>>> print(open('input23.cif').read())   # mmCIF, N, CA and C atoms
data_protein
#
loop_
_atom_site.label_atom_id
_atom_site.label_comp_id
_atom_site.auth_asym_id
_atom_site.auth_seq_id
_atom_site.Cartn_x
_atom_site.Cartn_y
_atom_site.Cartn_z
N MET K 1 3.37 47.85 -128.47
CA MET K 1 4.51 47.77 -127.57
C MET K 1 5.08 46.36 -127.65
N LYS K 2 6.37 46.26 -127.85
CA LYS K 2 7.03 44.95 -127.92
C LYS K 2 7.38 44.50 -126.52
N ASN K 3 7.37 43.19 -126.32
CA ASN K 3 7.82 42.70 -125.03
C ASN K 3 9.33 42.46 -125.06
N LEU K 4 9.94 42.41 -123.90
CA LEU K 4 11.39 42.29 -123.79
C LEU K 4 11.91 41.04 -124.48
N GLU K 5 11.19 39.94 -124.35
CA GLU K 5 11.64 38.68 -124.96
C GLU K 5 11.73 38.81 -126.48
N SER K 6 10.72 39.45 -127.11
CA SER K 6 10.76 39.59 -128.56
C SER K 6 11.86 40.54 -129.00
N ILE K 7 12.13 41.57 -128.22
CA ILE K 7 13.23 42.49 -128.55
C ILE K 7 14.57 41.78 -128.46
N LEU K 8 14.77 41.01 -127.39
CA LEU K 8 16.04 40.31 -127.23
C LEU K 8 16.26 39.29 -128.34
N LEU K 9 15.19 38.66 -128.81
CA LEU K 9 15.32 37.66 -129.87
C LEU K 9 15.51 38.28 -131.24
N THR K 10 14.83 39.39 -131.52
CA THR K 10 14.86 39.96 -132.86
C THR K 10 15.81 41.14 -133.02
N GLU K 11 16.09 41.83 -131.92
CA GLU K 11 16.95 43.02 -131.98
C GLU K 11 17.93 43.03 -130.80
N PRO K 12 18.78 42.00 -130.66
CA PRO K 12 19.61 41.90 -129.46
C PRO K 12 20.54 43.09 -129.22
N GLY K 13 20.97 43.78 -130.25
CA GLY K 13 21.86 44.92 -130.07
C GLY K 13 21.17 46.19 -129.67
N SER K 14 19.85 46.19 -129.65
CA SER K 14 19.11 47.43 -129.37
C SER K 14 18.99 47.74 -127.87
N ILE K 15 19.29 46.81 -127.01
CA ILE K 15 19.25 47.03 -125.57
C ILE K 15 20.63 47.48 -125.11
N ASN K 16 20.69 48.65 -124.48
CA ASN K 16 21.98 49.14 -123.96
C ASN K 16 21.75 49.77 -122.59
N LYS K 17 22.81 50.36 -122.03
CA LYS K 17 22.71 50.89 -120.67
C LYS K 17 21.74 52.06 -120.56
N ASN K 18 21.34 52.67 -121.67
CA ASN K 18 20.39 53.77 -121.64
C ASN K 18 18.95 53.32 -121.90
N SER K 19 18.77 52.03 -122.14
CA SER K 19 17.44 51.50 -122.40
C SER K 19 16.60 51.52 -121.13
N VAL K 20 15.32 51.69 -121.31
CA VAL K 20 14.37 51.63 -120.19
C VAL K 20 13.62 50.31 -120.30
N ILE K 21 13.64 49.54 -119.25
CA ILE K 21 12.91 48.28 -119.22
C ILE K 21 11.91 48.35 -118.08
N ILE K 22 10.67 48.07 -118.41
CA ILE K 22 9.61 48.08 -117.40
C ILE K 22 9.28 46.63 -117.08
N SER K 23 9.23 46.32 -115.81
CA SER K 23 8.95 44.96 -115.39
C SER K 23 7.75 44.97 -114.45
N ILE K 24 6.88 44.01 -114.63
CA ILE K 24 5.71 43.87 -113.76
C ILE K 24 5.71 42.46 -113.21
N LYS K 25 5.50 42.35 -111.93
CA LYS K 25 5.46 41.04 -111.29
C LYS K 25 4.14 40.92 -110.54
N ALA K 26 3.41 39.89 -110.86
CA ALA K 26 2.17 39.61 -110.13
C ALA K 26 2.45 38.45 -109.18
N ARG K 27 2.03 38.58 -107.96
CA ARG K 27 2.30 37.54 -106.97
C ARG K 27 1.02 37.26 -106.21
N ILE K 28 0.69 36.00 -106.14
CA ILE K 28 -0.48 35.58 -105.37
C ILE K 28 0.04 34.74 -104.21
N ALA K 29 -0.29 35.14 -103.02
CA ALA K 29 0.16 34.40 -101.84
C ALA K 29 -1.05 34.13 -100.95
N ARG K 30 -1.17 32.89 -100.57
CA ARG K 30 -2.24 32.54 -99.64
C ARG K 30 -1.96 31.16 -99.07
N ASN K 31 -2.64 30.86 -98.00
CA ASN K 31 -2.55 29.51 -97.45
C ASN K 31 -3.44 28.58 -98.26
N LEU K 32 -2.99 27.38 -98.45
CA LEU K 32 -3.80 26.36 -99.10
C LEU K 32 -4.15 25.32 -98.04
N ALA K 33 -5.30 24.71 -98.21
CA ALA K 33 -5.71 23.68 -97.26
C ALA K 33 -4.62 22.62 -97.17
N ASP K 34 -4.31 22.21 -95.97
CA ASP K 34 -3.32 21.16 -95.69
C ASP K 34 -1.87 21.59 -95.89
N TYR K 35 -1.64 22.87 -96.16
CA TYR K 35 -0.27 23.37 -96.31
C TYR K 35 -0.08 24.58 -95.40
N LYS K 36 1.05 24.64 -94.73
CA LYS K 36 1.39 25.81 -93.92
C LYS K 36 1.76 26.96 -94.85
N PHE K 37 1.79 28.18 -94.31
CA PHE K 37 2.25 29.31 -95.10
C PHE K 37 3.71 29.06 -95.47
N SER K 38 4.12 29.48 -96.64
CA SER K 38 5.41 29.08 -97.22
C SER K 38 6.63 29.29 -96.32
N ILE K 39 6.67 30.37 -95.56
CA ILE K 39 7.86 30.61 -94.72
C ILE K 39 7.95 29.63 -93.55
N LEU K 40 6.86 28.95 -93.25
CA LEU K 40 6.85 27.99 -92.15
C LEU K 40 7.16 26.57 -92.61
N ASN K 41 7.18 26.36 -93.92
CA ASN K 41 7.42 25.02 -94.46
C ASN K 41 8.91 24.69 -94.51
N LYS K 42 9.21 23.45 -94.31
CA LYS K 42 10.58 22.96 -94.50
C LYS K 42 10.80 22.77 -96.00
N SER K 43 12.03 22.58 -96.40
CA SER K 43 12.39 22.47 -97.81
C SER K 43 11.56 21.42 -98.55
N GLU K 44 11.41 20.25 -97.97
CA GLU K 44 10.66 19.18 -98.63
C GLU K 44 9.19 19.55 -98.80
N GLU K 45 8.62 20.22 -97.80
CA GLU K 45 7.23 20.65 -97.89
C GLU K 45 7.05 21.71 -98.98
N ARG K 46 8.03 22.62 -99.11
CA ARG K 46 7.98 23.64 -100.15
C ARG K 46 8.03 23.00 -101.54
N LYS K 47 8.86 21.96 -101.70
CA LYS K 47 8.96 21.27 -102.99
C LYS K 47 7.62 20.61 -103.35
N LYS K 48 6.98 19.98 -102.36
CA LYS K 48 5.68 19.35 -102.60
C LYS K 48 4.63 20.40 -102.98
N LEU K 49 4.63 21.51 -102.27
CA LEU K 49 3.68 22.59 -102.54
C LEU K 49 3.91 23.17 -103.93
N TYR K 50 5.17 23.39 -104.29
CA TYR K 50 5.49 23.92 -105.63
C TYR K 50 4.99 22.96 -106.71
N SER K 51 5.25 21.68 -106.53
CA SER K 51 4.80 20.68 -107.51
C SER K 51 3.27 20.66 -107.61
N PHE K 52 2.60 20.73 -106.47
CA PHE K 52 1.14 20.74 -106.43
C PHE K 52 0.59 21.92 -107.21
N ILE K 53 1.12 23.11 -106.95
CA ILE K 53 0.65 24.32 -107.63
C ILE K 53 0.98 24.27 -109.12
N LYS K 54 2.21 23.90 -109.45
CA LYS K 54 2.64 23.84 -110.85
C LYS K 54 1.77 22.86 -111.65
N ASN K 55 1.56 21.68 -111.12
CA ASN K 55 0.75 20.68 -111.81
C ASN K 55 -0.69 21.15 -112.01
N ASN K 56 -1.24 21.83 -111.03
CA ASN K 56 -2.63 22.29 -111.15
C ASN K 56 -2.75 23.48 -112.10
N ILE K 57 -1.78 24.36 -112.10
CA ILE K 57 -1.82 25.50 -113.02
C ILE K 57 -1.67 25.03 -114.46
N GLU K 58 -0.83 24.04 -114.69
CA GLU K 58 -0.62 23.54 -116.04
C GLU K 58 -1.89 22.93 -116.63
N ASN K 59 -2.83 22.55 -115.80
CA ASN K 59 -4.08 21.94 -116.26
C ASN K 59 -5.22 22.94 -116.45
N VAL K 60 -4.94 24.23 -116.27
CA VAL K 60 -5.96 25.27 -116.43
C VAL K 60 -5.74 25.93 -117.79
N LYS K 61 -6.71 25.82 -118.69
CA LYS K 61 -6.52 26.31 -120.06
C LYS K 61 -6.27 27.82 -120.11
N GLU K 62 -6.81 28.58 -119.16
CA GLU K 62 -6.59 30.03 -119.14
C GLU K 62 -5.12 30.38 -118.89
N PHE K 63 -4.35 29.46 -118.34
CA PHE K 63 -2.93 29.71 -118.08
C PHE K 63 -2.03 29.07 -119.13
N SER K 64 -2.59 28.59 -120.23
CA SER K 64 -1.81 27.84 -121.21
C SER K 64 -0.68 28.66 -121.82
N GLY K 65 -0.81 29.97 -121.91
CA GLY K 65 0.25 30.80 -122.48
C GLY K 65 1.26 31.30 -121.46
N PHE K 66 1.08 30.94 -120.21
CA PHE K 66 1.96 31.42 -119.14
C PHE K 66 3.17 30.50 -118.98
N LYS K 67 4.26 31.07 -118.49
CA LYS K 67 5.45 30.28 -118.15
C LYS K 67 5.62 30.34 -116.64
N ILE K 68 6.04 29.24 -116.06
CA ILE K 68 6.27 29.17 -114.63
C ILE K 68 7.78 29.16 -114.40
N TYR K 69 8.24 30.08 -113.58
CA TYR K 69 9.66 30.15 -113.23
C TYR K 69 9.81 29.94 -111.74
N ASN K 70 10.68 29.04 -111.36
CA ASN K 70 10.97 28.82 -109.95
C ASN K 70 12.08 29.80 -109.58
N LEU K 71 11.74 30.87 -108.88
CA LEU K 71 12.71 31.91 -108.55
C LEU K 71 13.83 31.40 -107.67
N TYR K 72 13.57 30.34 -106.93
CA TYR K 72 14.61 29.77 -106.05
C TYR K 72 15.80 29.30 -106.86
N ASN K 73 15.56 28.82 -108.09
CA ASN K 73 16.64 28.29 -108.92
C ASN K 73 17.31 29.34 -109.80
N MET K 74 16.84 30.56 -109.76
CA MET K 74 17.39 31.61 -110.64
C MET K 74 18.55 32.31 -109.95
N PRO K 75 19.55 32.72 -110.74
CA PRO K 75 20.70 33.44 -110.16
C PRO K 75 20.30 34.83 -109.73
#
>>> encode(input="input23.cif", output="C-alpha cells")
Amino acid sequence: MKNLESILLTEPGSINKNSVIISIKARIARNLADYKFSILNKSEERKKLYSFIKNNIENVKEFSGFKIYNLYNMP
C-alpha cells in the first residue's frame, strides 16, 4: 500500500474527486508535571509546552522518522 505523500510526489494526476483517501490520526493527551491541561493554558504557556514536547520528542530515536506538525499553524 502506498502512502498519500508518495502518491502525490510520484503520481500527482492520479488523485481525483473519486479517489478514496484514508487518514489516521493518533493523539496523546495528558497533563504533564508543572503544566496545566492545554485548554487551561494561556497562549505563551502553550508555546512553552509545545517547545518542551517537540524538543524532547526530537531526542527520542524511536521517533526519528516522525514529522511534527503544529496544527495551530495549518490552514
>>> atom_distance(input="input23.cif", atom1="atom C of K:Tyr50", atom2="atom CA of K:Phe63")
15.4 Å
>>> residues_around(input="input23.cif", residues="K:Tyr35", least_positions_apart="6", cutoff="8 Å", atoms="only N, CA and C atoms", output="list in words")
Asn41, Glu45 and Leu49 of chain K
>>> atom_distance(input="input23.cif", atom1="atom C of K:Ile53", atom2="atom CA of K:Leu71")
14.0 Å
>>> atom_distance(input="input23.cif", atom1="atom CA of K:Ser64", atom2="atom CA of K:Phe52")
16.7 Å
>>> closest_residue(input="input23.cif", among="K:Lys48, K:Ala26, K:Ser43, K:Lys54", to="K:Ile68", atoms="all atoms listed in the file")
K:Lys54
>>> decode(input="input23.cif", residues="stretch 47-68 of chain K", atoms="N, CA and C atoms", output="CSV table (one decimal), in the first residue's frame")
chain,number,residue,atom,x,y,z
K,47,LYS,N,2.8,27.8,24.0
K,47,LYS,CA,4.0,27.8,23.2
K,47,LYS,C,5.2,27.1,23.9
K,48,LYS,N,5.3,27.4,25.2
K,48,LYS,CA,6.4,26.8,26.0
K,48,LYS,C,6.2,25.2,26.1
K,49,LEU,N,5.0,24.8,26.3
K,49,LEU,CA,4.7,23.4,26.3
K,49,LEU,C,4.9,22.7,25.0
K,50,TYR,N,4.5,23.3,23.9
K,50,TYR,CA,4.8,22.8,22.6
K,50,TYR,C,6.3,22.6,22.3
K,51,SER,N,7.1,23.7,22.7
K,51,SER,CA,8.5,23.6,22.5
K,51,SER,C,9.1,22.5,23.4
K,52,PHE,N,8.7,22.4,24.6
K,52,PHE,CA,9.1,21.3,25.5
K,52,PHE,C,8.9,19.9,24.9
K,53,ILE,N,7.7,19.7,24.4
K,53,ILE,CA,7.3,18.4,23.9
K,53,ILE,C,8.1,18.1,22.6
K,54,LYS,N,8.1,19.1,21.7
K,54,LYS,CA,8.8,19.0,20.4
K,54,LYS,C,10.3,18.7,20.6
K,55,ASN,N,11.0,19.4,21.5
K,55,ASN,CA,12.4,19.2,21.8
K,55,ASN,C,12.7,17.8,22.4
K,56,ASN,N,11.8,17.4,23.2
K,56,ASN,CA,12.0,16.0,23.8
K,56,ASN,C,11.7,14.9,22.9
K,57,ILE,N,10.7,15.1,22.0
K,57,ILE,CA,10.4,14.0,21.0
K,57,ILE,C,11.5,13.9,20.0
K,58,GLU,N,12.1,15.0,19.6
K,58,GLU,CA,13.2,15.0,18.6
K,58,GLU,C,14.4,14.3,19.1
K,59,ASN,N,14.5,14.1,20.4
K,59,ASN,CA,15.7,13.4,21.0
K,59,ASN,C,15.5,12.0,21.3
K,60,VAL,N,14.3,11.4,20.9
K,60,VAL,CA,14.0,10.0,21.1
K,60,VAL,C,14.2,9.3,19.7
K,61,LYS,N,15.1,8.4,19.7
K,61,LYS,CA,15.5,7.7,18.4
K,61,LYS,C,14.3,7.0,17.8
K,62,GLU,N,13.4,6.5,18.6
K,62,GLU,CA,12.2,5.7,18.1
K,62,GLU,C,11.3,6.7,17.3
K,63,PHE,N,11.4,8.0,17.5
K,63,PHE,CA,10.6,8.9,16.7
K,63,PHE,C,11.3,9.6,15.6
K,64,SER,N,12.5,9.1,15.3
K,64,SER,CA,13.4,9.8,14.3
K,64,SER,C,12.7,9.9,12.9
K,65,GLY,N,11.8,8.9,12.5
K,65,GLY,CA,11.2,9.0,11.2
K,65,GLY,C,9.9,9.8,11.2
K,66,PHE,N,9.5,10.3,12.4
K,66,PHE,CA,8.2,11.0,12.5
K,66,PHE,C,8.4,12.5,12.2
K,67,LYS,N,7.3,13.1,11.7
K,67,LYS,CA,7.3,14.5,11.5
K,67,LYS,C,6.3,15.2,12.5
K,68,ILE,N,6.6,16.3,13.0
K,68,ILE,CA,5.8,17.0,13.9
K,68,ILE,C,5.1,18.2,13.2
